[in-house]
>>> print(open('final08.cif').read())   # mmCIF, C-alpha atoms and all ligand atoms
data_upload
#
loop_
_atom_site.label_atom_id
_atom_site.label_comp_id
_atom_site.auth_asym_id
_atom_site.auth_seq_id
_atom_site.Cartn_x
_atom_site.Cartn_y
_atom_site.Cartn_z
CA MET C 282 110.51 -2.26 200.70
CA LYS C 283 111.06 -3.51 197.15
CA VAL C 284 107.86 -3.97 195.12
CA ARG C 285 107.96 -7.36 193.39
CA CYS C 286 106.30 -8.30 190.12
CA PHE C 287 104.42 -11.53 189.38
CA ALA C 288 102.45 -12.68 186.34
CA VAL C 289 99.33 -14.79 185.76
CA VAL C 290 98.62 -16.30 182.33
CA PRO C 291 95.05 -17.58 181.85
CA ALA C 292 95.44 -20.52 179.45
CA ALA C 293 92.44 -22.71 180.29
CA GLY C 294 90.10 -21.63 177.49
CA SER C 295 88.71 -24.03 174.91
CA GLY C 296 88.96 -21.71 171.89
CA LYS C 297 85.39 -22.16 170.62
CA ARG C 298 85.63 -19.30 168.12
CA MET C 299 88.82 -20.77 166.65
CA GLY C 300 87.07 -24.11 166.05
CA ALA C 301 90.35 -26.07 165.94
CA ALA C 302 90.94 -29.65 167.13
CA VAL C 303 92.99 -28.37 170.10
CA PRO C 304 92.60 -25.18 172.18
CA LYS C 305 94.19 -22.26 170.31
CA GLN C 306 97.01 -21.82 172.87
CA TYR C 307 98.43 -25.13 171.57
CA LEU C 308 98.27 -24.29 167.84
CA GLU C 309 101.68 -23.72 166.25
CA LEU C 310 102.98 -20.37 165.03
CA LEU C 311 106.34 -20.44 163.23
CA GLY C 312 106.81 -24.01 164.52
CA ARG C 313 106.15 -23.35 168.21
CA PRO C 314 102.94 -23.42 170.27
CA VAL C 315 101.17 -20.09 170.90
CA LEU C 316 101.56 -20.56 174.67
CA GLN C 317 105.32 -21.03 174.33
CA HIS C 318 105.69 -17.74 172.42
CA THR C 319 103.59 -15.97 175.05
CA LEU C 320 105.67 -17.30 177.95
CA GLU C 321 108.99 -16.58 176.24
CA ARG C 322 107.98 -12.96 175.76
CA LEU C 323 106.80 -12.53 179.35
CA LEU C 324 109.89 -14.22 180.74
CA ALA C 325 112.05 -11.84 178.69
CA VAL C 326 111.04 -9.13 181.18
CA ALA C 327 113.63 -9.29 183.96
CA ALA C 328 111.27 -7.76 186.54
CA VAL C 329 108.89 -10.74 186.33
CA GLU C 330 109.86 -13.07 189.19
CA ARG C 331 107.22 -15.77 188.77
CA VAL C 332 104.64 -16.73 186.11
CA VAL C 333 101.59 -18.81 187.09
CA VAL C 334 99.92 -20.47 184.10
CA ALA C 335 96.28 -21.50 184.67
CA LEU C 336 95.60 -24.62 182.60
CA ALA C 337 92.48 -26.70 181.93
CA ALA C 338 91.97 -29.52 184.46
CA ASP C 339 92.01 -32.15 181.69
CA ASP C 340 95.31 -30.94 180.19
CA PRO C 341 97.62 -33.99 180.48
CA ARG C 342 100.79 -32.72 178.81
CA TRP C 343 101.52 -29.14 179.64
CA PRO C 344 102.02 -28.98 183.42
CA ALA C 345 105.22 -31.03 183.25
CA LEU C 346 106.48 -29.29 180.11
CA LEU C 347 105.93 -25.84 181.53
CA ALA C 348 107.45 -26.62 184.91
CA ALA C 349 110.59 -27.80 183.09
CA SER C 350 110.79 -24.74 180.83
CA ASP C 351 111.98 -22.11 183.34
CA PRO C 352 112.25 -22.17 187.15
CA ARG C 353 110.06 -19.05 187.30
CA VAL C 354 107.07 -20.92 185.78
CA MET C 355 104.47 -22.81 187.82
CA THR C 356 101.03 -24.11 186.89
CA THR C 357 97.61 -24.25 188.48
CA ILE C 358 94.16 -25.40 187.38
CA GLY C 359 91.92 -22.76 185.79
CA GLY C 360 88.14 -22.44 185.93
CA ALA C 361 85.00 -22.24 183.80
CA GLU C 362 85.41 -18.57 182.81
CA ARG C 363 88.49 -16.45 182.20
CA GLY C 364 87.96 -14.60 185.51
CA ASP C 365 87.88 -17.92 187.42
CA SER C 366 91.19 -18.92 185.83
CA VAL C 367 92.78 -15.58 186.73
CA LEU C 368 91.55 -15.90 190.32
CA ALA C 369 93.03 -19.41 190.54
CA GLY C 370 96.37 -17.97 189.38
CA LEU C 371 96.20 -15.16 191.93
CA ARG C 372 95.45 -17.63 194.74
CA ALA C 373 98.44 -19.74 193.69
CA LEU C 374 100.61 -16.69 194.43
CA ALA C 375 99.19 -16.18 197.94
CA ALA C 376 102.28 -17.49 199.74
CA GLU C 377 104.66 -15.28 197.76
CA ALA C 378 102.98 -12.03 196.81
CA GLY C 379 102.62 -9.14 199.23
CA PRO C 380 99.53 -6.89 199.18
CA ASP C 381 101.23 -4.07 197.26
CA ASP C 382 103.27 -6.22 194.89
CA TRP C 383 102.39 -6.00 191.21
CA VAL C 384 100.64 -8.80 189.37
CA MET C 385 100.33 -8.61 185.61
CA VAL C 386 97.69 -10.74 183.91
CA HIS C 387 98.38 -11.63 180.29
CA ASP C 388 96.26 -13.79 177.95
CA ALA C 389 97.92 -16.97 176.68
CA ALA C 390 96.23 -16.06 173.39
CA ARG C 391 98.36 -12.91 172.94
CA PRO C 392 101.73 -14.32 171.80
CA CYS C 393 102.94 -11.16 170.02
CA LEU C 394 103.50 -9.24 173.26
CA ARG C 395 106.45 -6.86 173.03
CA PRO C 396 108.67 -6.87 176.12
CA ASP C 397 109.20 -3.10 175.63
CA ASP C 398 105.41 -2.61 176.03
CA VAL C 399 105.62 -4.41 179.38
CA GLU C 400 108.54 -2.21 180.45
CA LYS C 401 106.49 0.87 179.46
CA LEU C 402 103.47 -0.35 181.47
CA LEU C 403 105.67 -0.91 184.54
CA ALA C 404 107.42 2.45 184.16
CA GLU C 405 104.25 4.51 183.62
CA LEU C 406 102.42 2.90 186.55
CA LYS C 407 105.36 3.00 188.97
CA GLY C 408 104.06 4.27 192.31
CA ASP C 409 100.40 4.15 191.23
CA PRO C 410 98.23 2.80 194.08
CA VAL C 411 95.84 0.89 191.75
CA GLY C 412 97.32 -0.08 188.37
CA GLY C 413 96.23 -0.07 184.77
CA ILE C 414 96.24 -1.73 181.39
CA LEU C 415 97.71 -1.60 177.91
CA ALA C 416 95.08 -0.28 175.51
CA LEU C 417 94.64 1.15 172.02
CA PRO C 418 92.61 4.16 170.93
CA SER C 419 89.74 3.27 168.62
CA VAL C 420 90.57 3.91 164.95
CA ASP C 421 87.09 3.21 163.54
CA THR C 422 83.92 5.28 163.73
CA LEU C 423 81.71 3.53 166.27
CA LYS C 424 77.97 2.96 165.91
CA GLU C 425 75.39 2.11 168.56
CA VAL C 426 72.89 -0.29 167.01
CA GLU C 427 69.43 -1.67 167.83
CA GLY C 428 68.64 -4.71 165.70
CA ARG C 429 70.18 -3.50 162.40
CA ASP C 430 69.33 0.17 162.92
CA ILE C 431 72.05 2.66 163.79
CA VAL C 432 70.73 4.78 166.65
CA ALA C 433 73.84 6.83 167.48
CA THR C 434 77.48 7.52 166.61
CA VAL C 435 79.63 7.14 169.71
CA ASP C 436 82.23 9.78 170.65
CA ARG C 437 85.31 7.69 169.85
CA SER C 438 87.73 10.13 171.47
CA ARG C 439 86.67 8.50 174.77
CA ILE C 440 86.91 4.88 173.55
CA TRP C 441 89.95 2.62 174.00
CA ARG C 442 90.30 -1.10 173.28
CA ALA C 443 91.57 -3.09 176.27
CA LEU C 444 94.62 -5.31 175.74
CA THR C 445 96.73 -7.33 178.16
CA PRO C 446 98.94 -7.27 180.22
CA GLN C 447 96.79 -5.67 182.87
CA LEU C 448 98.86 -4.67 185.91
CA PHE C 449 97.40 -4.28 189.39
CA ARG C 450 98.36 -4.35 193.05
CA TYR C 451 98.01 -7.95 194.22
CA ARG C 452 95.55 -7.55 197.10
CA LEU C 453 93.39 -4.98 195.35
CA LEU C 454 92.94 -7.18 192.25
CA THR C 455 92.40 -10.41 194.20
CA GLU C 456 89.73 -8.88 196.44
CA ALA C 457 88.02 -7.04 193.57
CA LEU C 458 87.87 -10.18 191.43
CA GLU C 459 86.67 -12.39 194.32
CA ARG C 460 83.86 -9.96 195.16
CA ALA C 461 82.84 -9.21 191.57
CA LEU C 462 82.66 -12.90 190.62
CA ALA C 463 80.74 -13.77 193.79
CA ALA C 464 78.24 -11.00 192.93
CA GLY C 465 77.77 -12.39 189.42
CA ALA C 466 79.11 -9.24 187.72
CA THR C 467 80.15 -9.45 184.05
CA ILE C 468 83.94 -9.49 184.19
CA THR C 469 85.79 -9.83 180.87
CA ASP C 470 89.11 -8.36 182.02
CA GLU C 471 90.87 -7.43 185.27
CA ALA C 472 90.15 -3.72 184.85
CA SER C 473 86.40 -4.43 184.83
CA ALA C 474 86.69 -6.09 188.26
CA VAL C 475 88.69 -3.16 189.61
CA GLU C 476 86.19 -0.68 188.11
CA TRP C 477 83.38 -2.73 189.68
CA ALA C 478 85.14 -2.20 193.03
CA GLY C 479 84.94 1.55 192.49
CA ARG C 480 88.54 2.26 191.45
CA ARG C 481 89.85 3.91 188.25
CA PRO C 482 92.58 1.97 186.46
CA LYS C 483 94.89 3.91 184.10
CA ILE C 484 95.46 3.25 180.42
CA VAL C 485 98.90 3.04 178.81
CA GLU C 486 99.01 3.01 175.01
CA GLY C 487 100.18 -0.37 173.67
CA HIS C 488 101.30 -1.65 170.26
CA PRO C 489 98.66 -2.70 167.68
CA GLY C 490 100.59 -5.91 167.04
CA ASN C 491 99.61 -7.26 170.49
CA ILE C 492 96.57 -9.05 169.00
CA LYS C 493 94.45 -11.68 170.71
CA ILE C 494 94.20 -14.85 168.65
CA THR C 495 90.48 -15.46 168.48
CA ARG C 496 89.52 -16.66 164.98
CA PRO C 497 91.44 -18.60 162.26
CA GLU C 498 92.26 -15.41 160.31
CA ASP C 499 94.28 -14.16 163.31
CA LEU C 500 96.94 -16.89 162.88
CA PRO C 501 98.72 -15.47 159.78
CA LEU C 502 98.51 -12.00 161.28
CA ALA C 503 100.17 -13.25 164.47
CA GLU C 504 102.95 -14.86 162.41
CA PHE C 505 103.48 -11.53 160.66
CA TYR C 506 103.92 -9.71 163.99
CA LEU C 507 106.11 -12.48 165.46
CA ARG C 508 108.49 -12.16 162.48
CA GLN C 509 108.89 -8.42 163.05
N1 LIG C 601 87.79 -20.53 181.26
C1 LIG C 601 88.75 -19.83 180.65
C2 LIG C 601 88.48 -19.09 179.46
C3 LIG C 601 89.52 -18.39 178.86
N2 LIG C 601 90.76 -18.44 179.41
C4 LIG C 601 91.88 -17.77 178.75
O1 LIG C 601 91.61 -16.40 178.60
C5 LIG C 601 92.28 -15.88 177.45
C6 LIG C 601 91.38 -15.01 176.60
O2 LIG C 601 90.15 -15.66 176.34
P1 LIG C 601 89.51 -16.02 174.93
O3 LIG C 601 90.23 -15.42 173.82
O4 LIG C 601 88.05 -15.78 175.05
O5 LIG C 601 89.81 -17.62 174.88
P2 LIG C 601 88.82 -18.84 174.82
O6 LIG C 601 87.84 -18.77 175.94
O7 LIG C 601 89.68 -20.04 174.73
O8 LIG C 601 88.10 -18.59 173.41
P3 LIG C 601 86.55 -18.73 173.03
O9 LIG C 601 85.85 -17.64 173.79
O10 LIG C 601 86.53 -18.54 171.56
O11 LIG C 601 86.12 -20.11 173.47
C7 LIG C 601 92.82 -17.10 176.69
O12 LIG C 601 94.22 -17.13 176.85
C8 LIG C 601 92.12 -18.27 177.32
O13 LIG C 601 92.88 -19.49 177.34
C9 LIG C 601 91.00 -19.16 180.58
O14 LIG C 601 92.13 -19.20 181.07
N3 LIG C 601 89.98 -19.83 181.18
C1 LIG C 602 91.11 -9.54 178.48
C2 LIG C 602 90.87 -9.24 177.03
O1 LIG C 602 91.84 -9.86 176.22
C3 LIG C 602 90.99 -7.75 176.82
O2 LIG C 602 90.72 -7.43 175.49
C4 LIG C 602 89.50 -9.68 176.60
O3 LIG C 602 88.52 -9.00 177.32
C5 LIG C 602 89.27 -11.16 176.72
O4 LIG C 602 88.26 -11.46 175.83
P1 LIG C 602 87.19 -12.58 175.90
O5 LIG C 602 87.06 -13.02 174.50
O6 LIG C 602 85.97 -11.93 176.43
O7 LIG C 602 87.71 -13.65 176.81
#
>>> encode(input="final08.cif", output="structure tokens", more="lines below")
Ligand SMILES: Nc1ccn([C@@H]2O[C@H](COP(=O)(O)OP(=O)(O)OP(=O)(O)O)[C@@H](O)[C@H]2O)c(=O)n1
Ligand SMILES: C[C@](O)(CO)[C@H](O)COP(=O)(O)O
Amino acid sequence: MKVRCFAVVPAAGSGKRMGAAVPKQYLELLGRPVLQHTLERLLAVAAVERVVVALAADDPRWPALLAASDPRVMTTIGGAERGDSVLAGLRALAAEAGPDDWVMVHDAARPCLRPDDVEKLLAELKGDPVGGILALPSVDTLKEVEGRDIVATVDRSRIWRALTPQLFRYRLLTEALERALAAGATITDEASAVEWAGRRPKIVEGHPGNIKITRPEDLPLAEFYLRQ
């Protein structure tokens, strides 16, 4: 049977570290909102059949705009933490997604996604029973610190920085996230929920331009990568 591919975009954050008047997913880059860039790049991947965008409950404008933008897009209401928003998106796919279908989770705050990175992720994980994530090897020397004292230098050959999309089998991710959140585990990405469930996600090397917009200085950098 054909394995289908769905996407969930958590876009319900408030952007505290950005400190702007609106959540960062609505700030403009090259004249268009961050969220619009993100969706355009995901929707450029032909394999993606449906994108669920998890929005804040008090967001008055975007549900209608997004629903009109592409028939593959639907919205749902996110939650208090990123993991809650992702789980809401996964539940919104319950009627469509089969247990072994792929679901890729991609931050609204990563608008510089390269569709060829998504194709690479899908190709390298084809047939994998679990899934995996785009990631980047660490380029800095890493220090373990107590207070302001360096207590160790970490072996960076084993350290990768997690990016999104993160691609997993639908049932495996949904169950892992449900159980990890219910247990109060610290879950900052999908891979951490899957690891918590005892599985070993794979890494696929991504592009350094796939930055997460977090602080004001990230905006000009994102425009640089979007122009490329
Ligand atoms: N309750 C939340 C929190 C975050 N996110 C989303 O998760 C992604 C990555 O999170 P982050 O960069 O931490 O965004 P914010 O939570 O908005 O930022 P901050 O932590 O600075 O408040 C963003 O697309 C954000 O909208 C979400 O959907 N629901
Ligand atoms: C999922 C993520 O983008 C991977 O780097 C990241 O963990 C989200 O970061 P947050 O700031 O903790 O929401």
>>> closest_residue(input="final08.cif", among="C:Trp383, C:Trp441, C:Tyr451, C:Trp477", to="Glu330 in chain C", atoms="only C-alpha atoms")
C:Trp383
>>> residues_around(input="final08.cif", residues="range 287-302 of chain C", least_positions_apart="6", cutoff="7 Å", atoms="only C-alpha atoms", output="list in words")
Val329, Glu330, Arg331, Val332, Val333, Val334, Ala335, Leu336, Ala337, Gly359, Arg363, Ser366, Val367, Gly370, Leu371, Trp383, Val384, Met385, Val386, His387, Asp388, Ala389, Thr495, Arg496 and Pro497 of chain C
>>> residues_around(input="final08.cif", residues="Ala348 in chain C", least_positions_apart="3", cutoff="12 Å", atoms="all atoms listed in the file", output="list of chain:residue names")
C:Leu320, C:Arg331, C:Val332, C:Val333, C:Val334, C:Arg342, C:Trp343, C:Pro344, C:Ala345, C:Asp351, C:Pro352, C:Arg353, C:Val354, C:Met355, C:Thr356, C:Thr357
>>> write_last_selection(input="final08.cif", atoms="C-alpha atoms", output="compact mmCIF listing (two decimals), in the coordinates of the input")
# COMPACT_ATOMS: atom_id res chain seq x y z
CA LEU C 320 105.67 -17.30 177.95
CA ARG C 331 107.22 -15.77 188.77
CA VAL C 332 104.64 -16.73 186.11
CA VAL C 333 101.59 -18.81 187.09
CA VAL C 334 99.92 -20.47 184.10
CA ARG C 342 100.79 -32.72 178.81
CA TRP C 343 101.52 -29.14 179.64
CA PRO C 344 102.02 -28.98 183.42
CA ALA C 345 105.22 -31.03 183.25
CA ASP C 351 111.98 -22.11 183.34
CA PRO C 352 112.25 -22.17 187.15
CA ARG C 353 110.06 -19.05 187.30
CA VAL C 354 107.07 -20.92 185.78
CA MET C 355 104.47 -22.81 187.82
CA THR C 356 101.03 -24.11 186.89
CA THR C 357 97.61 -24.25 188.48
>>> residues_around(input="final08.cif", residues="Ile468 in chain C", least_positions_apart="4", cutoff="10 Å", atoms="only C-alpha atoms", output="PyMOL selection string")
chain C and resi 362-365+458+461-462+472-477
>>> residues_near_point(input="final08.cif", point="(104.0, -24.2, 165.8)", cutoff="12 Å", atoms="only C-alpha atoms", output="list in words")
Lys305, Gln306, Tyr307, Leu308, Glu309, Leu310, Leu311, Gly312, Arg313, Pro314, Val315, Leu316, Gln317, His318, Pro392, Leu500, Pro501, Ala503, Glu504 and Leu507 of chain C
>>> write_last_selection(input="final08.cif", atoms="C-alpha atoms", output="CSV table (one decimal), in the coordinates of the input")
chain,number,residue,atom,x,y,z
C,305,LYS,CA,94.2,-22.3,170.3
C,306,GLN,CA,97.0,-21.8,172.9
C,307,TYR,CA,98.4,-25.1,171.6
C,308,LEU,CA,98.3,-24.3,167.8
C,309,GLU,CA,101.7,-23.7,166.2
C,310,LEU,CA,103.0,-20.4,165.0
C,311,LEU,CA,106.3,-20.4,163.2
C,312,GLY,CA,106.8,-24.0,164.5
C,313,ARG,CA,106.2,-23.4,168.2
C,314,PRO,CA,102.9,-23.4,170.3
C,315,VAL,CA,101.2,-20.1,170.9
C,316,LEU,CA,101.6,-20.6,174.7
C,317,GLN,CA,105.3,-21.0,174.3
C,318,HIS,CA,105.7,-17.7,172.4
C,392,PRO,CA,101.7,-14.3,171.8
C,500,LEU,CA,96.9,-16.9,162.9
C,501,PRO,CA,98.7,-15.5,159.8
C,503,ALA,CA,100.2,-13.2,164.5
C,504,GLU,CA,103.0,-14.9,162.4
C,507,LEU,CA,106.1,-12.5,165.5
>>> atom_distance(input="final08.cif", atom1="CA of Ala361 in chain C", atom2="CA of Gly379 in chain C")
26.8 Å
>>> axis_aligned_box(input="final08.cif", around="range 396-405 of chain C", padding_each_side="5 Å", output="AutoDock Vina command-line options")
--center_x 106.3 --center_y -1.2 --center_z 180.1 --size_x 15.7 --size_y 21.4 --size_z 18.9
>>> closest_residue(input="final08.cif", among="C:Pro396, C:Pro341, C:Gly360, C:Gly413", to="ligand LIG 601 (chain C)", atoms="only C-alpha atoms and all ligand atoms")
C:Gly360
>>> residues_near_ligand(input="final08.cif", ligand="ligand LIG 602 (chain C)", cutoff="6 Å", atoms="only C-alpha atoms and all ligand atoms", output="MDAnalysis selection string")
chainID C and resid 443:445 469:470
>>> atom_distance(input="final08.cif", atom1="CA of Gly465 in chain C", atom2="atom N1 of ligand LIG 601 (chain C)")
15.3 Å
>>> closest_residue(input="final08.cif", among="C:Leu368, C:Ile484, C:Ile440, C:Leu402", to="Ala463 in chain C", atoms="only C-alpha atoms")
C:Leu368
>>> residues_near_point(input="final08.cif", point="(97.4, -13.3, 196.2)", cutoff="8 Å", atoms="only C-alpha atoms", output="VMD selection string")
chain C and resid 371 to 380 451 to 452 455
>>> closest_residue(input="final08.cif", among="C:Ile492, C:Ala404, C:Met282, C:Ala327", to="ligand LIG 601 (chain C)", atoms="all atoms listed in the file")
C:Ile492
>>> atom_distance(input="final08.cif", atom1="CA of Ala416 in chain C", atom2="CA of Gly487 in chain C")
5.4 Å
>>> closest_residue(input="final08.cif", among="C:Gly412, C:Val399, C:Leu453, C:Ala390", to="ligand LIG 601 (chain C)", atoms="all atoms listed in the file")
C:Ala390
>>> build_atoms(input="final08.cif", residues="range 447-465 of chain C", atoms="N, CA and C atoms", output="PDB file, in the coordinates of the input")
ATOM      1  N   GLN C 447      97.478  -6.580 181.973  1.00  0.00           N
ATOM      2  CA  GLN C 447      96.790  -5.670 182.870  1.00  0.00           C
ATOM      3  C   GLN C 447      97.494  -5.805 184.212  1.00  0.00           C
ATOM      4  N   LEU C 448      97.951  -4.677 184.743  1.00  0.00           N
ATOM      5  CA  LEU C 448      98.860  -4.670 185.910  1.00  0.00           C
ATOM      6  C   LEU C 448      98.177  -4.038 187.110  1.00  0.00           C
ATOM      7  N   PHE C 449      98.070  -4.806 188.193  1.00  0.00           N
ATOM      8  CA  PHE C 449      97.400  -4.280 189.390  1.00  0.00           C
ATOM      9  C   PHE C 449      98.136  -4.689 190.657  1.00  0.00           C
ATOM     10  N   ARG C 450      97.837  -3.960 191.739  1.00  0.00           N
ATOM     11  CA  ARG C 450      98.360  -4.350 193.050  1.00  0.00           C
ATOM     12  C   ARG C 450      97.685  -5.662 193.449  1.00  0.00           C
ATOM     13  N   TYR C 451      98.476  -6.572 194.006  1.00  0.00           N
ATOM     14  CA  TYR C 451      98.010  -7.950 194.220  1.00  0.00           C
ATOM     15  C   TYR C 451      96.729  -8.025 195.055  1.00  0.00           C
ATOM     16  N   ARG C 452      96.721  -7.386 196.221  1.00  0.00           N
ATOM     17  CA  ARG C 452      95.550  -7.550 197.100  1.00  0.00           C
ATOM     18  C   ARG C 452      94.308  -6.894 196.501  1.00  0.00           C
ATOM     19  N   LEU C 453      94.520  -5.716 195.925  1.00  0.00           N
ATOM     20  CA  LEU C 453      93.390  -4.980 195.350  1.00  0.00           C
ATOM     21  C   LEU C 453      92.709  -5.821 194.253  1.00  0.00           C
ATOM     22  N   LEU C 454      93.524  -6.397 193.353  1.00  0.00           N
ATOM     23  CA  LEU C 454      92.940  -7.180 192.250  1.00  0.00           C
ATOM     24  C   LEU C 454      92.275  -8.455 192.772  1.00  0.00           C
ATOM     25  N   THR C 455      92.953  -9.146 193.699  1.00  0.00           N
ATOM     26  CA  THR C 455      92.400 -10.410 194.200  1.00  0.00           C
ATOM     27  C   THR C 455      91.051 -10.167 194.876  1.00  0.00           C
ATOM     28  N   GLU C 456      90.996  -9.145 195.726  1.00  0.00           N
ATOM     29  CA  GLU C 456      89.730  -8.880 196.440  1.00  0.00           C
ATOM     30  C   GLU C 456      88.650  -8.412 195.474  1.00  0.00           C
ATOM     31  N   ALA C 457      89.015  -7.558 194.521  1.00  0.00           N
ATOM     32  CA  ALA C 457      88.020  -7.040 193.570  1.00  0.00           C
ATOM     33  C   ALA C 457      87.444  -8.185 192.735  1.00  0.00           C
ATOM     34  N   LEU C 458      88.328  -9.076 192.277  1.00  0.00           N
ATOM     35  CA  LEU C 458      87.870 -10.180 191.430  1.00  0.00           C
ATOM     36  C   LEU C 458      87.013 -11.165 192.243  1.00  0.00           C
ATOM     37  N   GLU C 459      87.453 -11.471 193.457  1.00  0.00           N
ATOM     38  CA  GLU C 459      86.670 -12.390 194.320  1.00  0.00           C
ATOM     39  C   GLU C 459      85.265 -11.840 194.520  1.00  0.00           C
ATOM     40  N   ARG C 460      85.175 -10.549 194.839  1.00  0.00           N
ATOM     41  CA  ARG C 460      83.860  -9.960 195.160  1.00  0.00           C
ATOM     42  C   ARG C 460      83.006  -9.825 193.908  1.00  0.00           C
ATOM     43  N   ALA C 461      83.616  -9.413 192.805  1.00  0.00           N
ATOM     44  CA  ALA C 461      82.840  -9.210 191.570  1.00  0.00           C
ATOM     45  C   ALA C 461      82.303 -10.552 191.055  1.00  0.00           C
ATOM     46  N   LEU C 462      83.121 -11.587 191.099  1.00  0.00           N
ATOM     47  CA  LEU C 462      82.660 -12.900 190.620  1.00  0.00           C
ATOM     48  C   LEU C 462      81.562 -13.447 191.532  1.00  0.00           C
ATOM     49  N   ALA C 463      81.753 -13.272 192.848  1.00  0.00           N
ATOM     50  CA  ALA C 463      80.740 -13.770 193.790  1.00  0.00           C
ATOM     51  C   ALA C 463      79.405 -13.040 193.579  1.00  0.00           C
ATOM     52  N   ALA C 464      79.477 -11.778 193.144  1.00  0.00           N
ATOM     53  CA  ALA C 464      78.240 -11.000 192.930  1.00  0.00           C
ATOM     54  C   ALA C 464      77.632 -11.263 191.561  1.00  0.00           C
ATOM     55  N   GLY C 465      78.301 -12.069 190.752  1.00  0.00           N
ATOM     56  CA  GLY C 465      77.770 -12.390 189.420  1.00  0.00           C
ATOM     57  C   GLY C 465      77.948 -11.271 188.408  1.00  0.00           C
TER      58      GLY C 465
END
